[in-house]
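Peer 1: Below is the file protein_12.pdb, with PDB, C-alpha atoms and all ligand atoms.
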```pdb
ATOM      1  CA  MET E   1     -81.167-134.873  53.595
ATOM      2  CA  ASN E   2     -80.451-131.434  52.170
ATOM      3  CA  PRO E   3     -81.054-131.683  48.427
ATOM      4  CA  ALA E   4     -78.445-129.382  46.893
ATOM      5  CA  ARG E   5     -76.741-129.319  43.500
ATOM      6  CA  THR E   6     -73.654-127.367  42.522
ATOM      7  CA  GLU E   7     -74.176-124.690  39.883
ATOM      8  CA  PRO E   8     -71.073-123.760  37.807
ATOM      9  CA  GLY E   9     -69.638-120.454  39.054
ATOM     10  CA  VAL E  10     -72.266-120.096  41.767
ATOM     11  CA  GLY E  11     -71.853-122.931  44.224
ATOM     12  CA  PRO E  12     -74.435-125.223  45.714
ATOM     13  CA  VAL E  13     -78.097-124.511  44.990
ATOM     14  CA  ASP E  14     -80.409-125.636  47.779
ATOM     15  CA  LEU E  15     -83.265-127.424  46.020
ATOM     16  CA  GLN E  16     -85.566-127.656  49.022
ATOM     17  CA  TYR E  17     -87.302-124.513  47.833
ATOM     18  CA  VAL E  18     -87.993-126.104  44.422
ATOM     19  CA  ASP E  19     -89.551-129.175  46.067
ATOM     20  CA  ALA E  20     -91.774-126.970  48.233
ATOM     21  CA  ALA E  21     -92.781-124.838  45.228
ATOM     22  CA  ILE E  22     -93.762-127.939  43.227
ATOM     23  CA  GLN E  23     -95.796-129.152  46.183
ATOM     24  CA  ARG E  24     -97.576-125.793  46.414
ATOM     25  CA  ILE E  25     -98.038-124.957  42.713
ATOM     26  CA  GLY E  26     -98.551-128.351  41.087
ATOM     27  CA  ARG E  27     -97.043-130.830  38.655
ATOM     28  CA  ALA E  28     -99.187-130.330  35.524
ATOM     29  CA  PRO E  29     -97.647-128.845  32.350
ATOM     30  CA  ASP E  30     -99.581-125.599  32.883
ATOM     31  CA  ALA E  31     -97.720-125.006  36.172
ATOM     32  CA  VAL E  32     -94.590-124.145  34.200
ATOM     33  CA  ILE E  33     -94.878-120.321  34.333
ATOM     34  CA  PRO E  34     -95.830-120.045  38.035
ATOM     35  CA  LEU E  35     -93.004-122.452  38.860
ATOM     36  CA  LEU E  36     -90.462-120.470  36.849
ATOM     37  CA  GLN E  37     -91.648-117.229  38.475
ATOM     38  CA  ALA E  38     -91.378-118.745  41.945
ATOM     39  CA  ILE E  39     -87.871-120.069  41.227
ATOM     40  CA  GLN E  40     -86.712-116.725  39.848
ATOM     41  CA  ASP E  41     -88.209-114.803  42.792
ATOM     42  CA  HIS E  42     -86.368-117.070  45.194
ATOM     43  CA  TYR E  43     -82.949-117.471  43.544
ATOM     44  CA  GLY E  44     -82.907-114.244  41.498
ATOM     45  CA  TYR E  45     -82.457-116.288  38.293
ATOM     46  CA  LEU E  46     -83.222-119.782  36.952
ATOM     47  CA  PRO E  47     -80.495-122.170  38.154
ATOM     48  CA  GLU E  48     -80.104-125.102  35.786
ATOM     49  CA  ALA E  49     -80.213-127.515  38.736
ATOM     50  CA  ALA E  50     -83.622-126.126  39.717
ATOM     51  CA  LEU E  51     -84.997-126.565  36.187
ATOM     52  CA  ARG E  52     -83.732-130.155  36.078
ATOM     53  CA  ARG E  53     -85.409-130.821  39.391
ATOM     54  CA  VAL E  54     -88.738-129.460  38.069
ATOM     55  CA  CYS E  55     -88.533-131.767  35.034
ATOM     56  CA  ALA E  56     -87.690-134.777  37.210
ATOM     57  CA  ALA E  57     -90.564-134.178  39.631
ATOM     58  CA  THR E  58     -93.392-132.947  37.364
ATOM     59  CA  GLN E  59     -95.033-133.631  33.986
ATOM     60  CA  ILE E  60     -93.115-130.674  32.517
ATOM     61  CA  THR E  61     -90.589-131.754  29.872
ATOM     62  CA  PRO E  62     -87.085-130.273  29.378
ATOM     63  CA  ALA E  63     -88.167-128.956  25.946
ATOM     64  CA  GLY E  64     -91.290-127.397  27.493
ATOM     65  CA  ILE E  65     -89.494-125.642  30.342
ATOM     66  CA  ASN E  66     -86.645-124.469  28.129
ATOM     67  CA  GLY E  67     -89.079-123.087  25.524
ATOM     68  CA  VAL E  68     -90.930-120.991  28.115
ATOM     69  CA  ALA E  69     -87.826-119.922  30.044
ATOM     70  CA  THR E  70     -86.120-118.601  26.908
ATOM     71  CA  PHE E  71     -89.255-117.056  25.356
ATOM     72  CA  TYR E  72     -89.923-114.470  28.086
ATOM     73  CA  ASP E  73     -87.441-111.639  28.729
ATOM     74  CA  MET E  74     -88.374-111.532  32.381
ATOM     75  CA  PHE E  75     -86.508-114.774  33.093
ATOM     76  CA  ARG E  76     -82.812-114.541  33.881
ATOM     77  CA  HIS E  77     -80.401-117.396  33.195
ATOM     78  CA  ARG E  78     -77.422-115.991  35.069
ATOM     79  CA  PRO E  79     -77.201-114.889  38.677
ATOM     80  CA  GLY E  80     -77.819-111.180  39.040
ATOM     81  CA  GLY E  81     -76.857-108.581  41.592
ATOM     82  CA  LYS E  82     -78.508-108.174  44.969
ATOM     83  CA  HIS E  83     -80.684-105.328  43.628
ATOM     84  CA  ILE E  84     -82.285-105.215  40.182
ATOM     85  CA  VAL E  85     -82.390-101.767  38.578
ATOM     86  CA  GLN E  86     -84.830-101.543  35.674
ATOM     87  CA  VAL E  87     -84.597 -98.622  33.274
ATOM     88  CA  CYS E  88     -87.725 -98.080  31.202
ATOM     89  CA  HIS E  89     -87.083 -97.563  27.486
ATOM     90  CA  GLY E  90     -90.736 -97.272  26.445
ATOM     91  CA  THR E  91     -91.622 -94.402  24.118
ATOM     92  CA  ALA E  92     -92.295 -91.742  26.779
ATOM     93  CA  CYS E  93     -89.164 -92.630  28.745
ATOM     94  CA  HIS E  94     -87.022 -92.823  25.616
ATOM     95  CA  VAL E  95     -88.141 -89.319  24.629
ATOM     96  CA  GLY E  96     -87.519 -88.167  28.203
ATOM     97  CA  GLY E  97     -83.854 -89.273  28.116
ATOM     98  CA  SER E  98     -83.767 -92.848  29.427
ATOM     99  CA  GLU E  99     -80.546 -93.575  27.480
ATOM    100  CA  ARG E 100     -78.683 -90.867  29.425
ATOM    101  CA  VAL E 101     -80.129 -92.166  32.695
ATOM    102  CA  GLU E 102     -78.954 -95.698  31.883
ATOM    103  CA  GLU E 103     -75.440 -94.509  30.993
ATOM    104  CA  ALA E 104     -75.235 -92.565  34.265
ATOM    105  CA  LEU E 105     -76.422 -95.600  36.242
ATOM    106  CA  ARG E 106     -73.870 -97.824  34.532
ATOM    107  CA  ARG E 107     -71.063 -95.373  35.393
ATOM    108  CA  HIS E 108     -72.199 -94.809  38.968
ATOM    109  CA  LEU E 109     -72.706 -98.501  39.708
ATOM    110  CA  ALA E 110     -69.440 -99.504  37.971
ATOM    111  CA  ILE E 111     -71.140-101.973  35.644
ATOM    112  CA  PRO E 112     -68.756-102.678  32.752
ATOM    113  CA  GLU E 113     -69.871-102.471  29.114
ATOM    114  CA  GLY E 114     -71.073-105.854  27.873
ATOM    115  CA  SER E 115     -72.178-106.912  31.350
ATOM    116  CA  ASP E 116     -75.341-106.167  33.297
ATOM    117  CA  THR E 117     -73.964-106.676  36.814
ATOM    118  CA  ASP E 118     -71.137-105.055  38.783
ATOM    119  CA  ALA E 119     -68.182-107.127  39.955
ATOM    120  CA  ALA E 120     -69.388-107.216  43.575
ATOM    121  CA  ARG E 121     -72.854-108.380  42.426
ATOM    122  CA  ARG E 122     -74.629-105.540  44.181
ATOM    123  CA  PHE E 123     -76.650-104.181  41.248
ATOM    124  CA  THR E 124     -77.954-105.570  37.972
ATOM    125  CA  LEU E 125     -79.118-103.198  35.257
ATOM    126  CA  GLU E 126     -82.050-104.243  33.045
ATOM    127  CA  ARG E 127     -83.742-102.531  30.101
ATOM    128  CA  VAL E 128     -87.499-102.884  30.189
ATOM    129  CA  ALA E 129     -90.475-101.608  28.213
ATOM    130  CA  CYS E 130     -93.228 -99.442  29.695
ATOM    131  CA  LEU E 131     -93.503 -99.653  33.482
ATOM    132  CA  GLY E 132     -97.018 -98.221  33.383
ATOM    133  CA  CYS E 133     -96.368 -94.722  34.735
ATOM    134  CA  CYS E 134     -95.501 -92.769  31.580
ATOM    135  CA  THR E 135     -96.731 -89.501  33.145
ATOM    136  CA  LEU E 136     -93.574 -89.604  35.284
ATOM    137  CA  ALA E 137     -91.131 -90.434  32.462
ATOM    138  CA  PRO E 138     -88.277 -91.221  32.484
ATOM    139  CA  VAL E 139     -88.892 -93.952  35.015
ATOM    140  CA  VAL E 140     -86.497 -96.287  36.848
ATOM    141  CA  ARG E 141     -87.516 -99.126  39.141
ATOM    142  CA  ILE E 142     -85.141-100.457  41.796
ATOM    143  CA  GLU E 143     -86.565-103.613  43.330
ATOM    144  CA  LYS E 144     -90.147-102.565  44.171
ATOM    145  CA  GLU E 145     -89.408 -98.853  44.384
ATOM    146  CA  THR E 146     -90.427 -96.848  41.326
ATOM    147  CA  ILE E 147     -88.646 -93.558  40.718
ATOM    148  CA  GLY E 148     -90.284 -91.021  38.443
ATOM    149  CA  TYR E 149     -88.631 -88.094  36.616
ATOM    150  CA  ALA E 150     -85.286 -89.925  36.807
ATOM    151  CA  ALA E 151     -82.354 -87.811  35.646
ATOM    152  CA  ALA E 152     -78.727 -88.627  34.833
ATOM    153  CA  GLU E 153     -77.433 -85.942  37.208
ATOM    154  CA  LYS E 154     -79.609 -87.264  40.044
ATOM    155  CA  VAL E 155     -78.377 -90.877  39.807
ATOM    156  CA  PRO E 156     -76.064 -90.796  42.891
ATOM    157  CA  GLU E 157     -78.892 -89.255  44.930
ATOM    158  CA  THR E 158     -81.402 -91.822  43.586
ATOM    159  CA  ILE E 159     -79.233 -94.800  44.552
ATOM    160  CA  ALA E 160     -78.406 -93.318  47.970
ATOM    161  CA  GLY E 161     -82.127 -92.647  48.538
ATOM    162  CA  PHE E 162     -83.037 -96.223  47.632
ATOM    163  CA  LEU E 163     -80.456 -97.665  50.035
ATOM    164  CA  ALA E 164     -81.545 -95.276  52.806
ATOM    165  CA  ASN E 165     -85.236 -96.207  52.301
ATOM    166  CA  ARG E 166     -84.388 -99.887  52.610
ATOM    167  CA  GLN E 167     -82.559 -99.260  55.856
ATOM    168  CA  GLU E 168     -85.454 -97.198  57.167
ATOM    169  CA  ALA E 169     -88.030 -99.853  56.138
ATOM    170  CA  ALA E 170     -85.965-102.568  57.852
ATOM    171  CA  ALA E 171     -85.750-100.476  61.037
ATOM    172  CA  THR E 172     -89.464 -99.534  61.069
ATOM    173  CA  PRO E 173     -91.562-102.014  63.054
ATOM    174  CA  THR E 174     -94.397-103.487  61.014
ATOM    175  CA  VAL E 175     -97.706-102.043  62.107
ATOM    176  CA  ALA E 176    -100.554-104.541  61.924
ATOM    177  CA  THR E 177    -103.533-103.122  60.066
ATOM    178  CA  PRO E 178    -106.544-103.531  62.389
ATOM    179  CA  ALA E 179    -109.357-105.749  61.096
ATOM    180  CA  PRO E 180    -112.183-103.813  59.402
ATOM    181  CA  ARG E 181    -115.010-102.899  61.768
ATOM    182  CA  THR E 182    -118.646-102.705  60.678
ATOM    183  CA  GLY E 183    -119.641 -99.183  59.698
ATOM    184  CA  ALA E 184    -116.043 -97.940  59.922
ATOM    185  CA  ALA E 185    -114.848 -95.149  57.690
ATOM    186  CA  GLU E 186    -112.413 -95.998  54.921
ATOM    187  CA  ILE E 187    -109.169 -94.262  54.068
ATOM    188  CA  ARG E 188    -108.441 -95.207  50.467
ATOM    189  CA  VAL E 189    -104.952 -94.843  49.084
ATOM    190  CA  CYS E 190    -103.920 -95.661  45.539
ATOM    191  CA  LEU E 191    -100.736 -97.698  45.473
ATOM    192  CA  ASP E 192    -100.541 -98.203  41.723
ATOM    193  CA  SER E 193     -97.475 -97.445  39.627
ATOM    194  CA  CYS E 194     -97.633 -93.608  39.362
ATOM    195  CA  CYS E 195     -98.595 -93.221  42.997
ATOM    196  CA  LEU E 196     -95.774 -95.493  44.107
ATOM    197  CA  ALA E 197     -93.361 -93.549  41.940
ATOM    198  CA  LYS E 198     -94.401 -90.344  43.728
ATOM    199  CA  GLY E 199     -93.754 -91.916  47.146
ATOM    200  CA  THR E 200     -97.336 -92.736  48.172
ATOM    201  CA  ASP E 201     -96.080 -95.795  50.060
ATOM    202  CA  HIS E 202     -94.419 -93.399  52.559
ATOM    203  CA  SER E 203     -97.735 -91.608  53.118
ATOM    204  CA  PHE E 204     -99.450 -95.005  53.410
ATOM    205  CA  ARG E 205     -97.038 -96.075  56.163
ATOM    206  CA  ALA E 206     -97.594 -92.751  57.973
ATOM    207  CA  LEU E 207    -101.370 -93.314  57.815
ATOM    208  CA  GLN E 208    -100.927 -96.848  59.143
ATOM    209  CA  GLN E 209     -98.876 -95.595  62.095
ATOM    210  CA  SER E 210    -101.208 -92.693  62.826
ATOM    211  CA  LEU E 211    -104.271 -94.986  62.763
ATOM    212  CA  ALA E 212    -102.605 -97.397  65.162
ATOM    213  CA  LYS E 213    -101.518 -94.513  67.430
ATOM    214  CA  HIS E 214    -104.961 -92.893  67.637
ATOM    215  CA  GLY E 215    -107.026 -96.093  67.534
ATOM    216  CA  ALA E 216    -109.263 -94.428  64.939
ATOM    217  CA  ASN E 217    -112.369 -96.256  63.772
ATOM    218  CA  ALA E 218    -111.256 -96.391  60.145
ATOM    219  CA  THR E 219    -109.985 -98.981  57.735
ATOM    220  CA  LEU E 220    -106.953 -98.270  55.586
ATOM    221  CA  LYS E 221    -107.521 -99.652  52.109
ATOM    222  CA  ARG E 222    -105.194 -99.944  49.114
ATOM    223  CA  VAL E 223    -106.930 -99.152  45.844
ATOM    224  CA  GLY E 224    -105.891 -99.234  42.188
ATOM    225  CA  CYS E 225    -105.399 -96.267  39.846
ATOM    226  CA  VAL E 226    -108.251 -93.766  40.078
ATOM    227  CA  GLY E 227    -107.170 -92.054  36.876
ATOM    228  CA  ALA E 228    -105.717 -88.906  38.450
ATOM    229  CA  CYS E 229    -102.070 -89.964  38.426
ATOM    230  CA  TYR E 230    -100.881 -86.375  37.992
ATOM    231  CA  ARG E 231    -102.235 -85.449  41.454
ATOM    232  CA  THR E 232    -100.598 -88.146  43.524
ATOM    233  CA  PRO E 233    -100.087 -88.988  46.345
ATOM    234  CA  MET E 234    -103.866 -89.027  46.804
ATOM    235  CA  VAL E 235    -105.858 -90.000  49.879
ATOM    236  CA  GLU E 236    -109.640 -90.406  49.950
ATOM    237  CA  ILE E 237    -111.514 -90.251  53.237
ATOM    238  CA  ALA E 238    -114.873 -92.037  52.984
ATOM    239  CA  ILE E 239    -117.015 -91.665  56.085
ATOM    240  CA  PRO E 240    -120.377 -93.490  55.938
ATOM    241  CA  GLY E 241    -123.244 -91.094  55.221
ATOM    242  CA  GLN E 242    -120.929 -88.233  54.146
ATOM    243  CA  PRO E 243    -119.487 -87.247  50.769
ATOM    244  CA  SER E 244    -115.945 -88.518  50.233
ATOM    245  CA  ILE E 245    -113.102 -86.058  50.590
ATOM    246  CA  ILE E 246    -110.079 -86.413  48.359
ATOM    247  CA  TYR E 247    -106.691 -84.890  49.199
ATOM    248  CA  GLU E 248    -103.872 -84.532  46.715
ATOM    249  CA  GLY E 249    -100.122 -84.213  47.120
ATOM    250  CA  VAL E 250    -100.284 -85.669  50.634
ATOM    251  CA  THR E 251     -96.872 -85.843  52.286
ATOM    252  CA  PRO E 252     -96.195 -88.415  55.050
ATOM    253  CA  GLU E 253     -96.391 -85.606  57.662
ATOM    254  CA  GLN E 254     -99.744 -84.444  56.343
ATOM    255  CA  ALA E 255    -100.994 -88.043  56.162
ATOM    256  CA  GLY E 256    -100.482 -88.449  59.902
ATOM    257  CA  ARG E 257    -102.354 -85.223  60.577
ATOM    258  CA  LEU E 258    -105.200 -86.274  58.268
ATOM    259  CA  VAL E 259    -106.079 -89.037  60.708
ATOM    260  CA  GLU E 260    -106.033 -86.587  63.613
ATOM    261  CA  THR E 261    -108.264 -84.207  61.684
ATOM    262  CA  HIS E 262    -110.937 -86.638  60.607
ATOM    263  CA  PHE E 263    -110.943 -89.092  63.484
ATOM    264  CA  ARG E 264    -110.903 -87.610  66.947
ATOM    265  CA  PRO E 265    -108.278 -88.928  69.283
ATOM    266  CA  ALA E 266    -109.868 -91.285  71.762
ATOM    267  CA  GLY E 267    -109.919 -90.293  75.428
ATOM    268  CA  LEU E 268    -110.538 -86.553  75.111
ATOM    269  CA  THR E 269    -113.806 -85.080  76.258
ATOM    270  CA  PRO E 270    -116.049 -84.053  73.356
ATOM    271  CA  ARG E 271    -115.445 -80.284  73.798
ATOM    272  CA  ILE E 272    -111.654 -80.538  73.982
ATOM    273  CA  SER E 273    -111.764 -82.989  71.130
ATOM    274  CA  GLN E 274    -113.833 -80.558  69.002
ATOM    275  CA  LEU E 275    -111.404 -77.713  69.735
ATOM    276  CA  TYR E 276    -108.443 -79.960  68.914
ATOM    277  CA  THR E 277    -110.036 -81.014  65.617
ATOM    278  CA  ARG E 278    -110.779 -77.392  64.679
ATOM    279  CA  ILE E 279    -107.163 -76.336  65.313
ATOM    280  CA  VAL E 280    -105.758 -79.210  63.287
ATOM    281  CA  ASP E 281    -108.350 -78.557  60.528
ATOM    282  CA  GLY E 282    -107.081 -75.008  60.242
ATOM    283  CA  LEU E 283    -103.521 -76.219  59.861
ATOM    284  CA  LEU E 284    -104.359 -78.945  57.419
ATOM    285  CA  VAL E 285    -106.451 -76.925  54.993
ATOM    286  CA  GLU E 286    -103.466 -74.596  54.580
ATOM    287  CA  ASP E 287    -101.043 -77.439  53.994
ATOM    288  CA  ALA E 288    -102.871 -80.382  52.492
ATOM    289  CA  ASP E 289    -104.098 -78.712  49.337
ATOM    290  CA  ALA E 290    -107.379 -80.594  49.384
ATOM    291  CA  ILE E 291    -109.414 -81.234  46.278
ATOM    292  CA  PRO E 292    -112.924 -80.172  47.338
ATOM    293  CA  PRO E 293    -115.292 -83.107  47.673
ATOM    294  CA  PRO E 294    -117.705 -83.871  44.864
ATOM    295  CA  GLY E 295    -120.912 -81.918  45.199
ATOM    296  CA  ARG E 296    -119.145 -78.614  46.010
ATOM    297  CA  PRO E 297    -118.449 -77.291  42.494
ATOM    298  CA  ALA E 298    -118.408 -73.698  43.740
ATOM    299  CA  ASP E 299    -115.200 -74.511  45.645
ATOM    300  CA  ALA E 300    -113.555 -76.293  42.754
ATOM    301  CA  LYS E 301    -109.992 -75.214  42.266
ATOM    302  CA  ASP E 302    -109.547 -76.330  38.689
ATOM    303  CA  GLY E 303    -113.037 -75.814  37.318
ATOM    304  CA  ALA E 304    -115.932 -78.212  36.885
ATOM    305  CA  GLY E 305    -113.903 -80.869  35.034
ATOM    306  CA  ASP E 306    -112.431 -82.379  38.184
ATOM    307  CA  GLN E 307    -115.733 -82.278  39.984
ATOM    308  CA  ALA E 308    -117.441 -84.255  37.217
ATOM    309  CA  PHE E 309    -114.539 -86.694  37.127
ATOM    310  CA  PHE E 310    -114.729 -87.531  40.828
ATOM    311  CA  ARG E 311    -118.535 -87.552  41.034
ATOM    312  CA  ARG E 312    -120.460 -90.820  41.206
ATOM    313  CA  GLN E 313    -120.818 -92.346  37.725
ATOM    314  CA  VAL E 314    -124.227 -92.152  36.044
ATOM    315  CA  HIS E 315    -125.625 -94.737  33.615
ATOM    316  CA  ILE E 316    -126.278 -93.070  30.292
ATOM    317  CA  ALA E 317    -127.153 -96.224  28.291
ATOM    318  CA  MET E 318    -129.100 -99.372  29.097
TER     319      MET E 318
HETATM  320  S1  LIG A   1     -92.794 -95.520  28.706
HETATM  321 FE1  LIG A   1     -91.721 -95.625  30.575
HETATM  322  S2  LIG A   1     -93.273 -95.870  32.026
HETATM  323 FE2  LIG A   1     -94.348 -95.914  30.170
HETATM  324  S1  LIG A   2    -101.615 -94.656  39.792
HETATM  325 FE1  LIG A   2    -102.627 -93.767  41.478
HETATM  326  S2  LIG A   2    -104.077 -92.444  40.556
HETATM  327 FE2  LIG A   2    -103.140 -93.428  38.898
END
```
Show me this structure written as structure tokens.

Peer 2:
Amino acid sequence: MNPARTEPGVGPVDLQYVDAAIQRIGRAPDAVIPLLQAIQDHYGYLPEAALRRVCAATQITPAGINGVATFYDMFRHRPGGKHIVQVCHGTACHVGGSERVEEALRRHLAIPEGSDTDAARRFTLERVACLGCCTLAPVVRIEKETIGYAAAEKVPETIAGFLANRQEAAATPTVATPAPRTGAAEIRVCLDSCCLAKGTDHSFRALQQSLAKHGANATLKRVGCVGACYRTPMVEIAIPGQPSIIYEGVTPEQAGRLVETHFRPAGLTPRISQLYTRIVDGLLVEDADAIPPPGRPADAKDGAGDQAFFRRQVHIAM
């Protein structure tokens, strides 16, 4: 049996997903938020039929689910467009011109006043508070892609870029990240909000592909914000027994070459490999704009402040 209910103006809603979500998440009253999140992620909004099904199959009451679903802004009660466009109206973004960006998006996407979705249901526009990357204000998020320094005049380019990136991601084969090996070096890449907004995910994918291509003995690791959001995209190379090296402003092209520089390509004799590494090193230092590793304050580009910031932390109180 295919459990489906008809939703006014939408058509049948397949409730198999709701049954599976209940099975996975639970039936207790405290499962209400995870269930609502799962339903919204799947359907793009909260279909009434799905909420009724939750109440029928769990200990959650209609009053309970309705109270939570209407309390939080993040829950939608109407079907949205295929892509959700969030415009940040937090303080930094407001000052940076988020109202103009929203107006330009509305015009470009042909979303009528009084509605949040275009007639073809391609895009839904949402106003949100701080997206957590105020240094890049004004900020717009389309699906999982965060766009910093958004500008009204760049809206057509922004939307075209988003659609092109999706096509590219769909066409790029997924590269399996090799399992960590004991004693392997680590390549650490921050994929938090500011870094994502500056396109670090593109550099991350380039690193992934380069690692797979060269079979380097290194583990690619996602890390959270390291507090230097203004220098993104950042890549840290941590080789056991050596000081870490941090690179800033790493483009996808440079990311690929970083792997070649630090991890010799397998299969070359040591002397050729050394020569190869030296040549690539020469190229990279010109291009990659490396932040000197901690412990080399004489080479510091921006004075001792950065060096102290990236150095190992020292306990100053018991
Ligand atoms: S105010 Fe917009 S990202 Fe913080
Ligand atoms: S978000 Fe990556 S350094 Fe802050």

Peer 1: For segment 133-143 of chain E, please output as a short mmCIF file (atom, residue, chain, number, x, y, z; two decimals) with C-alpha atoms, in the frame of the given file all residues within 6 Å (counting all atoms listed in the file; exclusion window: fewer than 3 positions along the same chain).

Peer 2:
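The result, written out as result.cif:
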```cif
data_model
loop_
_atom_site.label_atom_id
_atom_site.label_comp_id
_atom_site.auth_asym_id
_atom_site.auth_seq_id
_atom_site.Cartn_x
_atom_site.Cartn_y
_atom_site.Cartn_z
CA ILE E 84 -82.28 -105.22 40.18
CA VAL E 85 -82.39 -101.77 38.58
CA GLN E 86 -84.83 -101.54 35.67
CA VAL E 87 -84.60 -98.62 33.27
CA CYS E 88 -87.72 -98.08 31.20
CA ALA E 92 -92.30 -91.74 26.78
CA CYS E 93 -89.16 -92.63 28.74
CA GLY E 96 -87.52 -88.17 28.20
CA SER E 98 -83.77 -92.85 29.43
CA THR E 146 -90.43 -96.85 41.33
CA ILE E 147 -88.65 -93.56 40.72
CA GLY E 148 -90.28 -91.02 38.44
CA TYR E 149 -88.63 -88.09 36.62
CA ALA E 150 -85.29 -89.92 36.81
CA SER E 193 -97.48 -97.44 39.63
CA CYS E 194 -97.63 -93.61 39.36
#
```

Peer 1: Kindly resolve the PyMOL selection byres (((not hetatm)) within 7 of (chain A and resi 2)) on the present coordinates and return the residues as an mmCIF file with C-alpha atoms, keeping the file's coordinate frame.

Peer 2:
```cif
data_model
loop_
_atom_site.group_PDB
_atom_site.id
_atom_site.type_symbol
_atom_site.label_atom_id
_atom_site.label_comp_id
_atom_site.auth_asym_id
_atom_site.auth_seq_id
_atom_site.Cartn_x
_atom_site.Cartn_y
_atom_site.Cartn_z
ATOM 1 C CA CYS E 190 -103.920 -95.661 45.539
ATOM 2 C CA LEU E 191 -100.736 -97.698 45.473
ATOM 3 C CA ASP E 192 -100.541 -98.203 41.723
ATOM 4 C CA SER E 193 -97.475 -97.445 39.627
ATOM 5 C CA CYS E 194 -97.633 -93.608 39.362
ATOM 6 C CA CYS E 195 -98.595 -93.221 42.997
ATOM 7 C CA GLY E 224 -105.891 -99.234 42.188
ATOM 8 C CA CYS E 225 -105.399 -96.267 39.846
ATOM 9 C CA VAL E 226 -108.251 -93.766 40.078
ATOM 10 C CA GLY E 227 -107.170 -92.054 36.876
ATOM 11 C CA ALA E 228 -105.717 -88.906 38.450
ATOM 12 C CA CYS E 229 -102.070 -89.964 38.426
ATOM 13 C CA THR E 232 -100.598 -88.146 43.524
#
```

Peer 1: Excluding Ile239 of chain E and any residue of its chain fewer than 3 positions from it, enumerate the residues within 10 Å of it, using only C-alpha atoms, and give them as a PyMOL selection string.

Peer 2: chain E and resi 183-187+218+236+242-245+262-263

Peer 1: Restricting the output to C-alpha atoms, write the selected residues as a PDB file, keeping the file's coordinate frame.

Peer 2:
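Listed below is the output, selection_26.pdb:
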```
ATOM      1  CA  GLY E 183    -119.641 -99.183  59.698  1.00  0.00           C
ATOM      2  CA  ALA E 184    -116.043 -97.940  59.922  1.00  0.00           C
ATOM      3  CA  ALA E 185    -114.848 -95.149  57.690  1.00  0.00           C
ATOM      4  CA  GLU E 186    -112.413 -95.998  54.921  1.00  0.00           C
ATOM      5  CA  ILE E 187    -109.169 -94.262  54.068  1.00  0.00           C
ATOM      6  CA  ALA E 218    -111.256 -96.391  60.145  1.00  0.00           C
ATOM      7  CA  GLU E 236    -109.640 -90.406  49.950  1.00  0.00           C
ATOM      8  CA  GLN E 242    -120.929 -88.233  54.146  1.00  0.00           C
ATOM      9  CA  PRO E 243    -119.487 -87.247  50.769  1.00  0.00           C
ATOM     10  CA  SER E 244    -115.945 -88.518  50.233  1.00  0.00           C
ATOM     11  CA  ILE E 245    -113.102 -86.058  50.590  1.00  0.00           C
ATOM     12  CA  HIS E 262    -110.937 -86.638  60.607  1.00  0.00           C
ATOM     13  CA  PHE E 263    -110.943 -89.092  63.484  1.00  0.00           C
TER      14      PHE E 263
END
```

Peer 1: Which of these residues is nearest to ligand LIG 1 (chain A), using all atoms listed in the file: E:Ala129, E:Ala255, E:Ala56, E:Ala169?

Peer 2: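 The closest residue to ligand LIG 1 (chain A) is E:Ala129.
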
Peer 1: Counting all atoms listed in the file, which of E:Thr124, E:Thr91, E:Gln37, E:Thr70 gets nearest to ligand LIG 1 (chain A)?

Peer 2: E:Thr91

Peer 1: Quick one: of E:Lys154, E:Arg257, E:Arg106, E:Arg166, who's nearest to Leu211 of chain E, counting all atoms listed in the file?

Peer 2: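 Using all atoms listed in the file, Leu211 of chain E sits closest to E:Arg257.
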